[in-house]
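J.: I'd like to ask some things about the structure below.
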Amino acid sequence: MFDITKLRLRSIQLFSLFIIVITSHCYASESPLIQRINISMAMTIAKSAGLVVQPVTAESGSQYLKTQVLDQNSAIMLLDCESGECSILKFYSIIEKGGVDFGVVNVWNSNYRYGRVYKDEDKVIVEADLLLHGGITQQSVLQFMQRQEMLVLSFQQQIGEGE
């Protein structure tokens, strides 16, 4: 006996597989995936994102990009590095604002999934990580860097400082 439900389910499965194959082919041919990034490449992408950056090498030998986001001292750190090639980017911004209540920090953290905020004495730190493991496109790295201004601005608005 012919079961139309099984036929429909099989058609949906085949169509879904077709979409996955076509989509992955389109993305694969769009640009090569980045699994590791060096300071030079990070600087080029940051400048494309509209950031003014300065490369810095810490005493420990680790490298990062110093920048300003909405007048806040900020950095894009390169982590999990081997021979200058790194697989994690970390955005880090310091908002020098005392008296911020933990409740405000908790509300912001519950609403924003792409970053986190925590208190450190009389400062508030805004952070976000981008893991390159498995590979991502250069466009995704660019979007990560562009999104940092939104993270800082959204927290400033939360504490009544943003416009």
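By convention here, the chains of the structure tokens are called A, B, ... in the order presented, each chain's residues are numbered starting at 1, and ligands are numbered starting at 1 in the order presented.
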At a cut-off of 12 Å, using only C-alpha atoms, what residues contact Gly134 (chain A)? Leave out same-chain residues fewer than 4 positions from it and give the result as a PyMOL selection string.
T.: chain A and resi 32-36+87-88+130
J.: Please produce an output containing N, CA, C and O atoms for each residue in the selection, written as a PDB file, in the first residue's frame.
T.:
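Produced file selection-v8.pdb, reproduced below:
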```pdb
ATOM      1  N   PRO A  32      38.037  31.556   0.956  1.00  0.00           N
ATOM      2  CA  PRO A  32      38.637  30.486   1.773  1.00  0.00           C
ATOM      3  C   PRO A  32      38.328  30.712   3.251  1.00  0.00           C
ATOM      4  O   PRO A  32      38.159  31.840   3.703  1.00  0.00           O
ATOM      5  N   LEU A  33      38.271  29.622   3.988  1.00  0.00           N
ATOM      6  CA  LEU A  33      37.997  29.719   5.415  1.00  0.00           C
ATOM      7  C   LEU A  33      39.278  30.037   6.169  1.00  0.00           C
ATOM      8  O   LEU A  33      40.345  29.518   5.861  1.00  0.00           O
ATOM      9  N   ILE A  34      39.142  30.886   7.159  1.00  0.00           N
ATOM     10  CA  ILE A  34      40.260  31.264   8.013  1.00  0.00           C
ATOM     11  C   ILE A  34      40.200  30.407   9.272  1.00  0.00           C
ATOM     12  O   ILE A  34      39.182  30.399   9.959  1.00  0.00           O
ATOM     13  N   GLN A  35      41.261  29.685   9.549  1.00  0.00           N
ATOM     14  CA  GLN A  35      41.340  28.896  10.776  1.00  0.00           C
ATOM     15  C   GLN A  35      42.341  29.491  11.758  1.00  0.00           C
ATOM     16  O   GLN A  35      42.267  29.221  12.945  1.00  0.00           O
ATOM     17  N   ARG A  36      43.266  30.287  11.241  1.00  0.00           N
ATOM     18  CA  ARG A  36      44.256  30.963  12.085  1.00  0.00           C
ATOM     19  C   ARG A  36      44.496  32.341  11.477  1.00  0.00           C
ATOM     20  O   ARG A  36      44.372  32.514  10.265  1.00  0.00           O
ATOM     21  N   SER A  87      44.168  31.319  16.786  1.00  0.00           N
ATOM     22  CA  SER A  87      42.847  30.772  16.445  1.00  0.00           C
ATOM     23  C   SER A  87      41.705  31.391  17.254  1.00  0.00           C
ATOM     24  O   SER A  87      40.568  30.954  17.120  1.00  0.00           O
ATOM     25  N   ILE A  88      42.008  32.408  18.072  1.00  0.00           N
ATOM     26  CA  ILE A  88      40.955  33.090  18.821  1.00  0.00           C
ATOM     27  C   ILE A  88      41.214  34.590  18.777  1.00  0.00           C
ATOM     28  O   ILE A  88      42.337  35.047  18.982  1.00  0.00           O
ATOM     29  N   LEU A 130      35.826  35.417  19.376  1.00  0.00           N
ATOM     30  CA  LEU A 130      35.546  34.806  18.083  1.00  0.00           C
ATOM     31  C   LEU A 130      36.505  33.638  17.916  1.00  0.00           C
ATOM     32  O   LEU A 130      37.724  33.822  17.865  1.00  0.00           O
TER      33      LEU A 130
END
```
J.: Residues of region 2-157 of chain A in helix (DSSP H, G or I) according to DSSP, as number ranges by chain?
T.: A: 4-30, 39-48, 102-111, 138-157
J.: Limited to C-alpha atoms, could you put the picked residues into a file as a PDB file, in the first residue's frame?
T.:
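Output saved as selection32.pdb:
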```pdb
ATOM      1  CA  ILE A   4       1.812   9.468   1.078  1.00  0.00           C
ATOM      2  CA  THR A   5       3.211  10.588   4.451  1.00  0.00           C
ATOM      3  CA  LYS A   6       6.439   8.599   3.964  1.00  0.00           C
ATOM      4  CA  LEU A   7       6.766   9.949   0.436  1.00  0.00           C
ATOM      5  CA  ARG A   8       6.372  13.538   1.634  1.00  0.00           C
ATOM      6  CA  LEU A   9       8.875  13.001   4.435  1.00  0.00           C
ATOM      7  CA  ARG A  10      11.388  11.481   1.998  1.00  0.00           C
ATOM      8  CA  SER A  11      10.881  14.405  -0.408  1.00  0.00           C
ATOM      9  CA  ILE A  12      11.502  16.908   2.394  1.00  0.00           C
ATOM     10  CA  GLN A  13      14.657  15.053   3.438  1.00  0.00           C
ATOM     11  CA  LEU A  14      16.028  15.011  -0.110  1.00  0.00           C
ATOM     12  CA  PHE A  15      15.191  18.679  -0.645  1.00  0.00           C
ATOM     13  CA  SER A  16      16.906  19.595   2.650  1.00  0.00           C
ATOM     14  CA  LEU A  17      20.008  17.653   1.645  1.00  0.00           C
ATOM     15  CA  PHE A  18      20.009  19.425  -1.725  1.00  0.00           C
ATOM     16  CA  ILE A  19      19.847  22.850  -0.016  1.00  0.00           C
ATOM     17  CA  ILE A  20      22.686  21.946   2.360  1.00  0.00           C
ATOM     18  CA  VAL A  21      24.912  20.755  -0.491  1.00  0.00           C
ATOM     19  CA  ILE A  22      24.189  23.800  -2.677  1.00  0.00           C
ATOM     20  CA  THR A  23      24.602  26.243   0.213  1.00  0.00           C
ATOM     21  CA  SER A  24      27.868  24.712   1.372  1.00  0.00           C
ATOM     22  CA  HIS A  25      29.187  24.792  -2.187  1.00  0.00           C
ATOM     23  CA  CYS A  26      28.273  28.487  -2.529  1.00  0.00           C
ATOM     24  CA  TYR A  27      29.939  29.406   0.746  1.00  0.00           C
ATOM     25  CA  ALA A  28      33.000  27.292   0.026  1.00  0.00           C
ATOM     26  CA  SER A  29      33.555  29.013  -3.300  1.00  0.00           C
ATOM     27  CA  GLU A  30      32.846  32.468  -1.798  1.00  0.00           C
ATOM     28  CA  ILE A  39      48.506  40.337  13.556  1.00  0.00           C
ATOM     29  CA  SER A  40      48.928  41.678  10.026  1.00  0.00           C
ATOM     30  CA  MET A  41      45.757  40.020   8.733  1.00  0.00           C
ATOM     31  CA  ALA A  42      43.816  41.098  11.843  1.00  0.00           C
ATOM     32  CA  MET A  43      44.999  44.677  11.320  1.00  0.00           C
ATOM     33  CA  THR A  44      43.903  44.663   7.681  1.00  0.00           C
ATOM     34  CA  ILE A  45      40.436  43.351   8.565  1.00  0.00           C
ATOM     35  CA  ALA A  46      40.099  45.790  11.506  1.00  0.00           C
ATOM     36  CA  LYS A  47      40.885  48.710   9.202  1.00  0.00           C
ATOM     37  CA  SER A  48      38.274  47.386   6.733  1.00  0.00           C
ATOM     38  CA  PHE A 102      25.575  44.093  39.346  1.00  0.00           C
ATOM     39  CA  GLY A 103      21.888  43.954  38.445  1.00  0.00           C
ATOM     40  CA  VAL A 104      22.519  46.149  35.397  1.00  0.00           C
ATOM     41  CA  VAL A 105      25.425  43.925  34.374  1.00  0.00           C
ATOM     42  CA  ASN A 106      23.291  40.789  34.788  1.00  0.00           C
ATOM     43  CA  VAL A 107      20.402  42.235  32.745  1.00  0.00           C
ATOM     44  CA  TRP A 108      22.755  43.179  29.924  1.00  0.00           C
ATOM     45  CA  ASN A 109      24.416  39.739  29.955  1.00  0.00           C
ATOM     46  CA  SER A 110      21.027  38.028  29.781  1.00  0.00           C
ATOM     47  CA  ASN A 111      20.043  40.066  26.702  1.00  0.00           C
ATOM     48  CA  GLN A 138      36.916  36.724   6.337  1.00  0.00           C
ATOM     49  CA  GLN A 139      33.480  38.358   6.154  1.00  0.00           C
ATOM     50  CA  SER A 140      32.590  36.778   9.526  1.00  0.00           C
ATOM     51  CA  VAL A 141      35.776  38.191  11.084  1.00  0.00           C
ATOM     52  CA  LEU A 142      34.921  41.608   9.622  1.00  0.00           C
ATOM     53  CA  GLN A 143      31.383  41.436  11.046  1.00  0.00           C
ATOM     54  CA  PHE A 144      32.768  40.460  14.469  1.00  0.00           C
ATOM     55  CA  MET A 145      34.952  43.562  14.497  1.00  0.00           C
ATOM     56  CA  GLN A 146      32.128  45.816  13.288  1.00  0.00           C
ATOM     57  CA  ARG A 147      29.779  44.482  15.978  1.00  0.00           C
ATOM     58  CA  GLN A 148      32.021  45.639  18.834  1.00  0.00           C
ATOM     59  CA  GLU A 149      30.852  49.239  18.632  1.00  0.00           C
ATOM     60  CA  MET A 150      27.265  47.994  18.998  1.00  0.00           C
ATOM     61  CA  LEU A 151      28.220  46.002  22.119  1.00  0.00           C
ATOM     62  CA  VAL A 152      29.879  48.973  23.804  1.00  0.00           C
ATOM     63  CA  LEU A 153      27.071  51.355  22.785  1.00  0.00           C
ATOM     64  CA  SER A 154      24.363  49.000  24.015  1.00  0.00           C
ATOM     65  CA  PHE A 155      26.000  48.745  27.430  1.00  0.00           C
ATOM     66  CA  GLN A 156      26.531  52.506  27.599  1.00  0.00           C
ATOM     67  CA  GLN A 157      22.809  52.922  26.897  1.00  0.00           C
TER      68      GLN A 157
END
```
J.: Tell me, in Å to one decimal, how far CA of Glu127 (chain A) is from CA of Ser83 (chain A).
T.: 24.8 Å
J.: With distances taken over only C-alpha atoms, which residue among A:Gln63, A:Thr137, A:Ser31, A:Thr57 lies nearest Asp80 (chain A)?
T.: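 The shortest atom-to-atom distance to Asp80 (chain A) comes from A:Gln63.
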J.: In Å to one decimal, how far is CA of Phe91 (chain A) from CA of Ala75 (chain A)?
T.: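 Separating CA of Ala75 (chain A) from CA of Phe91 (chain A) is a distance of 5.9 Å.
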J.: How far is it from CA of Arg113 (chain A) to CA of Leu132 (chain A), in Å with one decimal?
T.: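 One can read the CA of Arg113 (chain A) to CA of Leu132 (chain A) distance as 17.5 Å.
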J.: Nearest residue to Glu161 (chain A) out of A:Val117, A:Leu89, A:Leu78, A:Leu70, using only C-alpha atoms?
T.: A:Leu70
J.: Just list as JSON, numbers by chain whatever in chain A DSSP marks as strand (DSSP E).
T.: {"A": [54, 55, 56, 57, 63, 64, 65, 66, 67, 68, 69, 72, 73, 74, 75, 76, 77, 78, 79, 80, 81, 82, 85, 86, 87, 88, 89, 90, 91, 92, 93, 94, 95, 116, 117, 118, 119, 120, 123, 124, 125, 126, 127, 128, 129, 130, 131]}
J.: Could you give me, as a VMD selection string, the residues within 10 Å of Gly98 (chain A), counting only C-alpha atoms and dropping anything in the same chain fewer than 2 positions from it?
T.: chain A and resid 95 to 96 100 to 101 119 to 124
J.: Just to be explicit: take each residue in the selection above, keep all heavy atoms, and write the result as a PDB file, in the first residue's frame.
T.:
```
ATOM      1  N   ILE A  95      35.263  50.318  30.208  1.00  0.00           N
ATOM      2  CA  ILE A  95      34.405  51.478  30.452  1.00  0.00           C
ATOM      3  C   ILE A  95      34.678  51.917  31.882  1.00  0.00           C
ATOM      4  O   ILE A  95      34.353  51.202  32.829  1.00  0.00           O
ATOM      5  CB  ILE A  95      32.912  51.129  30.247  1.00  0.00           C
ATOM      6  CG1 ILE A  95      32.683  50.685  28.796  1.00  0.00           C
ATOM      7  CG2 ILE A  95      32.034  52.315  30.616  1.00  0.00           C
ATOM      8  CD1 ILE A  95      31.286  50.200  28.510  1.00  0.00           C
ATOM      9  N   GLU A  96      35.307  53.068  32.025  1.00  0.00           N
ATOM     10  CA  GLU A  96      35.678  53.552  33.356  1.00  0.00           C
ATOM     11  C   GLU A  96      34.465  54.230  33.969  1.00  0.00           C
ATOM     12  O   GLU A  96      34.244  55.418  33.785  1.00  0.00           O
ATOM     13  CB  GLU A  96      36.862  54.512  33.243  1.00  0.00           C
ATOM     14  CG  GLU A  96      38.013  53.867  32.511  1.00  0.00           C
ATOM     15  CD  GLU A  96      39.321  53.950  33.258  1.00  0.00           C
ATOM     16  OE1 GLU A  96      39.344  54.375  34.405  1.00  0.00           O
ATOM     17  OE2 GLU A  96      40.319  53.559  32.645  1.00  0.00           O
ATOM     18  N   VAL A 100      28.380  51.058  38.918  1.00  0.00           N
ATOM     19  CA  VAL A 100      27.467  50.259  38.093  1.00  0.00           C
ATOM     20  C   VAL A 100      27.021  49.059  38.917  1.00  0.00           C
ATOM     21  O   VAL A 100      27.841  48.314  39.449  1.00  0.00           O
ATOM     22  CB  VAL A 100      28.137  49.813  36.778  1.00  0.00           C
ATOM     23  CG1 VAL A 100      27.220  48.883  35.994  1.00  0.00           C
ATOM     24  CG2 VAL A 100      28.521  51.010  35.942  1.00  0.00           C
ATOM     25  N   ASP A 101      25.727  48.907  39.029  1.00  0.00           N
ATOM     26  CA  ASP A 101      25.127  47.840  39.830  1.00  0.00           C
ATOM     27  C   ASP A 101      25.269  46.488  39.123  1.00  0.00           C
ATOM     28  O   ASP A 101      25.168  46.397  37.900  1.00  0.00           O
ATOM     29  CB  ASP A 101      23.652  48.175  40.049  1.00  0.00           C
ATOM     30  CG  ASP A 101      22.936  47.168  40.916  1.00  0.00           C
ATOM     31  OD1 ASP A 101      23.550  46.633  41.842  1.00  0.00           O
ATOM     32  OD2 ASP A 101      21.748  46.915  40.637  1.00  0.00           O
ATOM     33  N   LYS A 119      32.203  43.409  36.040  1.00  0.00           N
ATOM     34  CA  LYS A 119      32.777  44.505  36.816  1.00  0.00           C
ATOM     35  C   LYS A 119      34.165  44.122  37.301  1.00  0.00           C
ATOM     36  O   LYS A 119      34.414  42.988  37.666  1.00  0.00           O
ATOM     37  CB  LYS A 119      31.888  44.815  38.021  1.00  0.00           C
ATOM     38  CG  LYS A 119      30.594  45.494  37.652  1.00  0.00           C
ATOM     39  CD  LYS A 119      29.761  45.809  38.872  1.00  0.00           C
ATOM     40  CE  LYS A 119      30.476  46.835  39.709  1.00  0.00           C
ATOM     41  NZ  LYS A 119      29.677  47.429  40.753  1.00  0.00           N
ATOM     42  N   ASP A 120      35.050  45.112  37.297  1.00  0.00           N
ATOM     43  CA  ASP A 120      36.391  44.949  37.831  1.00  0.00           C
ATOM     44  C   ASP A 120      36.716  46.242  38.578  1.00  0.00           C
ATOM     45  O   ASP A 120      37.057  47.248  37.956  1.00  0.00           O
ATOM     46  CB  ASP A 120      37.384  44.701  36.700  1.00  0.00           C
ATOM     47  CG  ASP A 120      38.796  44.443  37.195  1.00  0.00           C
ATOM     48  OD1 ASP A 120      38.965  44.109  38.375  1.00  0.00           O
ATOM     49  OD2 ASP A 120      39.731  44.594  36.387  1.00  0.00           O
ATOM     50  N   GLU A 121      36.548  46.222  39.897  1.00  0.00           N
ATOM     51  CA  GLU A 121      36.707  47.392  40.755  1.00  0.00           C
ATOM     52  C   GLU A 121      35.787  48.509  40.274  1.00  0.00           C
ATOM     53  O   GLU A 121      34.585  48.333  40.244  1.00  0.00           O
ATOM     54  CB  GLU A 121      38.175  47.809  40.836  1.00  0.00           C
ATOM     55  CG  GLU A 121      39.059  46.739  41.468  1.00  0.00           C
ATOM     56  CD  GLU A 121      40.515  47.119  41.487  1.00  0.00           C
ATOM     57  OE1 GLU A 121      40.855  48.302  41.250  1.00  0.00           O
ATOM     58  OE2 GLU A 121      41.337  46.221  41.752  1.00  0.00           O
ATOM     59  N   ASP A 122      36.339  49.649  39.844  1.00  0.00           N
ATOM     60  CA  ASP A 122      35.492  50.757  39.400  1.00  0.00           C
ATOM     61  C   ASP A 122      35.389  50.831  37.881  1.00  0.00           C
ATOM     62  O   ASP A 122      35.061  51.856  37.321  1.00  0.00           O
ATOM     63  CB  ASP A 122      36.024  52.079  39.967  1.00  0.00           C
ATOM     64  CG  ASP A 122      37.451  52.374  39.513  1.00  0.00           C
ATOM     65  OD1 ASP A 122      38.136  51.437  39.050  1.00  0.00           O
ATOM     66  OD2 ASP A 122      37.874  53.537  39.633  1.00  0.00           O
ATOM     67  N   LYS A 123      35.682  49.730  37.223  1.00  0.00           N
ATOM     68  CA  LYS A 123      35.597  49.662  35.764  1.00  0.00           C
ATOM     69  C   LYS A 123      34.605  48.580  35.366  1.00  0.00           C
ATOM     70  O   LYS A 123      34.339  47.654  36.115  1.00  0.00           O
ATOM     71  CB  LYS A 123      36.959  49.306  35.152  1.00  0.00           C
ATOM     72  CG  LYS A 123      38.025  50.313  35.382  1.00  0.00           C
ATOM     73  CD  LYS A 123      39.315  49.805  34.792  1.00  0.00           C
ATOM     74  CE  LYS A 123      40.304  49.755  35.912  1.00  0.00           C
ATOM     75  NZ  LYS A 123      41.516  49.111  35.709  1.00  0.00           N
ATOM     76  N   VAL A 124      34.111  48.717  34.156  1.00  0.00           N
ATOM     77  CA  VAL A 124      33.275  47.681  33.566  1.00  0.00           C
ATOM     78  C   VAL A 124      33.992  47.221  32.301  1.00  0.00           C
ATOM     79  O   VAL A 124      34.480  48.035  31.517  1.00  0.00           O
ATOM     80  CB  VAL A 124      31.868  48.209  33.224  1.00  0.00           C
ATOM     81  CG1 VAL A 124      31.044  47.140  32.545  1.00  0.00           C
ATOM     82  CG2 VAL A 124      31.166  48.718  34.476  1.00  0.00           C
TER      83      VAL A 124
END
```
